[in-house]
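Trainee: Supplied in structure tokens, the structure appears directly below.
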Amino acid sequence: VDTAALTYTLEPATAPAKTYTSISIIGSVNGNWNTDTQLTQSTFDPHVWMKKGVSLTSGEFKFRANNAWDTSWGTNSEFFGVATINGANIPLSAEWTYDVYFNDATGAYTVIPVK
């Protein structure tokens, strides 16, 4: 975007070729690091995942693909951010019911307290 010339340029984005069969939340927010909470894949974009009304405790978590540690995402930002491959554990300070959204192509996530 060039605000002085009042012009902009759009470039097509290339979607990642890799898609996953499952994405889950794993961590102490589930009570232990051995239990995955499965997210549901979007019907309009294979890289968008969500879980509504999930009860999580305070603690830490990561997103991971295919219930394995081969591919996991994390960062040190609570509630929203951009997680990176093999990033830090994501903190969660309160036990609550949340809606969780995650994009495996961009790493963007949002954890919304709902109840």
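Scheme for the structure tokens: letters A, B, ... for chains in order shown; per-chain residue numbers from 1; ligand numbers from 1 in order shown.
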Using DSSP on the backbone, list every residue of chain A that comes out as strand (DSSP E or B), and give them as a PyMOL selection string.
Mentor: chain A and resi 2+7+23-27+32-38+40-41+48-56+59-65+72-74+80-82+84-85+90-92+96-103+108-113
Trainee: Could you list, as an mmCIF file with N, CA, C and O atoms, in the first residue's frame, every residue within 9 Å of segment 84-88 of chain A, counting only C-alpha atoms and ignoring same-chain residues fewer than 3 positions away?
Mentor:
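As a result, selection.cif now contains:
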```cif
data_model
loop_
_atom_site.group_PDB
_atom_site.id
_atom_site.type_symbol
_atom_site.label_atom_id
_atom_site.label_comp_id
_atom_site.auth_asym_id
_atom_site.auth_seq_id
_atom_site.Cartn_x
_atom_site.Cartn_y
_atom_site.Cartn_z
ATOM 1 N N LYS A 62 -0.398 -26.720 23.344
ATOM 2 C CA LYS A 62 0.051 -26.528 21.971
ATOM 3 C C LYS A 62 -1.020 -27.091 21.050
ATOM 4 O O LYS A 62 -1.859 -27.883 21.475
ATOM 5 N N THR A 71 4.552 -32.532 14.153
ATOM 6 C CA THR A 71 4.220 -31.140 13.828
ATOM 7 C C THR A 71 3.377 -30.568 14.957
ATOM 8 O O THR A 71 2.269 -31.034 15.212
ATOM 9 N N SER A 72 3.923 -29.548 15.626
ATOM 10 C CA SER A 72 3.172 -28.861 16.675
ATOM 11 C C SER A 72 3.441 -27.366 16.566
ATOM 12 O O SER A 72 4.474 -26.946 16.036
ATOM 13 N N TRP A 73 2.473 -26.575 17.050
ATOM 14 C CA TRP A 73 2.566 -25.116 16.987
ATOM 15 C C TRP A 73 2.396 -24.548 18.388
ATOM 16 O O TRP A 73 1.580 -25.027 19.164
ATOM 17 N N GLY A 74 3.111 -23.462 18.667
ATOM 18 C CA GLY A 74 2.946 -22.791 19.939
ATOM 19 C C GLY A 74 3.573 -21.408 19.921
ATOM 20 O O GLY A 74 4.271 -21.034 18.983
ATOM 21 N N THR A 75 3.318 -20.648 20.968
ATOM 22 C CA THR A 75 3.911 -19.332 21.196
ATOM 23 C C THR A 75 3.578 -18.951 22.629
ATOM 24 O O THR A 75 2.802 -19.622 23.290
ATOM 25 N N ASN A 76 4.130 -17.880 23.124
ATOM 26 C CA ASN A 76 3.912 -17.525 24.532
ATOM 27 C C ASN A 76 2.825 -16.467 24.715
ATOM 28 O O ASN A 76 2.862 -15.714 25.668
ATOM 29 N N THR A 106 -1.375 -20.472 8.616
ATOM 30 C CA THR A 106 -0.773 -19.218 9.078
ATOM 31 C C THR A 106 -0.287 -19.278 10.521
ATOM 32 O O THR A 106 0.496 -18.436 10.942
ATOM 33 N N GLY A 107 -0.791 -20.229 11.292
ATOM 34 C CA GLY A 107 -0.475 -20.313 12.711
ATOM 35 C C GLY A 107 -1.337 -19.413 13.576
ATOM 36 O O GLY A 107 -1.229 -19.420 14.799
ATOM 37 N N ALA A 108 -2.218 -18.625 12.966
ATOM 38 C CA ALA A 108 -3.076 -17.709 13.723
ATOM 39 C C ALA A 108 -4.085 -18.505 14.555
ATOM 40 O O ALA A 108 -4.659 -19.485 14.091
#
```
Trainee: What gap, in Å, lies between atom CA of Ile90 of chain A and atom CA of Ala17 of chain A?
Mentor: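 Atom-to-atom, atom CA of Ile90 of chain A and atom CA of Ala17 of chain A are spaced 25.9 Å apart.
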Trainee: Skip Ser24 of chain A itself and residues of its chain fewer than 6 positions away, then list as a list of chain:residue names all residues within 9 Å of it, counting only C-alpha atoms.
Mentor: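 Answer for this query is A:Asp36, A:Thr37, A:Gln38, A:Leu39, A:Thr40, A:Trp49, A:Lys62, A:Phe63, A:Arg64, A:Ala65, A:Asn66, A:Asn67.
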Trainee: Identify, on the basis of only C-alpha atoms, every residue whose closest approach to Thr110 of chain A does not exceed 12 Å; exclude the query and any residue fewer than 6 positions from it along the same chain; express the result as a VMD selection string.
Mentor: chain A and resid 48 to 52 63 77 to 83 90 92 98 to 103
Trainee: With only C-alpha atoms as the basis for distance, which of A:Thr57, A:Ala105, A:Ile112, A:Ser28 is at the shortest distance from Ala13 of chain A?
Mentor: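 Checking each of A:Thr57, A:Ala105, A:Ile112, A:Ser28 against Ala13 of chain A, counting only C-alpha atoms, the winner is A:Ala105.
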Trainee: Mind giving me the straight-line distance from atom CA of Tyr20 of chain A to atom CA of Phe61 of chain A in Å, one decimal?
Mentor: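 According to the coordinates, atom CA of Tyr20 of chain A and atom CA of Phe61 of chain A are separated by 18.9 Å.
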Trainee: Name the closest residue to Ser42 of chain A among the candidates A:Val29, A:Ala68, A:Leu56, A:Ile23; distances are taken between atoms, counting only C-alpha atoms.
Mentor: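 Nearest candidate to Ser42 of chain A out of A:Val29, A:Ala68, A:Leu56, A:Ile23: A:Ile23.
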Trainee: What does the distance from atom CA of Gln41 of chain A to atom CA of Asp104 of chain A come to in Å, to one decimal?
Mentor: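 Interatomic distance, atom CA of Gln41 of chain A to atom CA of Asp104 of chain A: 10.4 Å.
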Trainee: For each of A:Tyr109, A:Pro12, A:Asn89, A:Asp70, take the minimum atom-to-atom distance to His47 of chain A, counting only C-alpha atoms, then give the residue where this is smallest.
Mentor: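 Between A:Tyr109, A:Pro12, A:Asn89, A:Asp70, the residue approaching His47 of chain A most closely is A:Tyr109.
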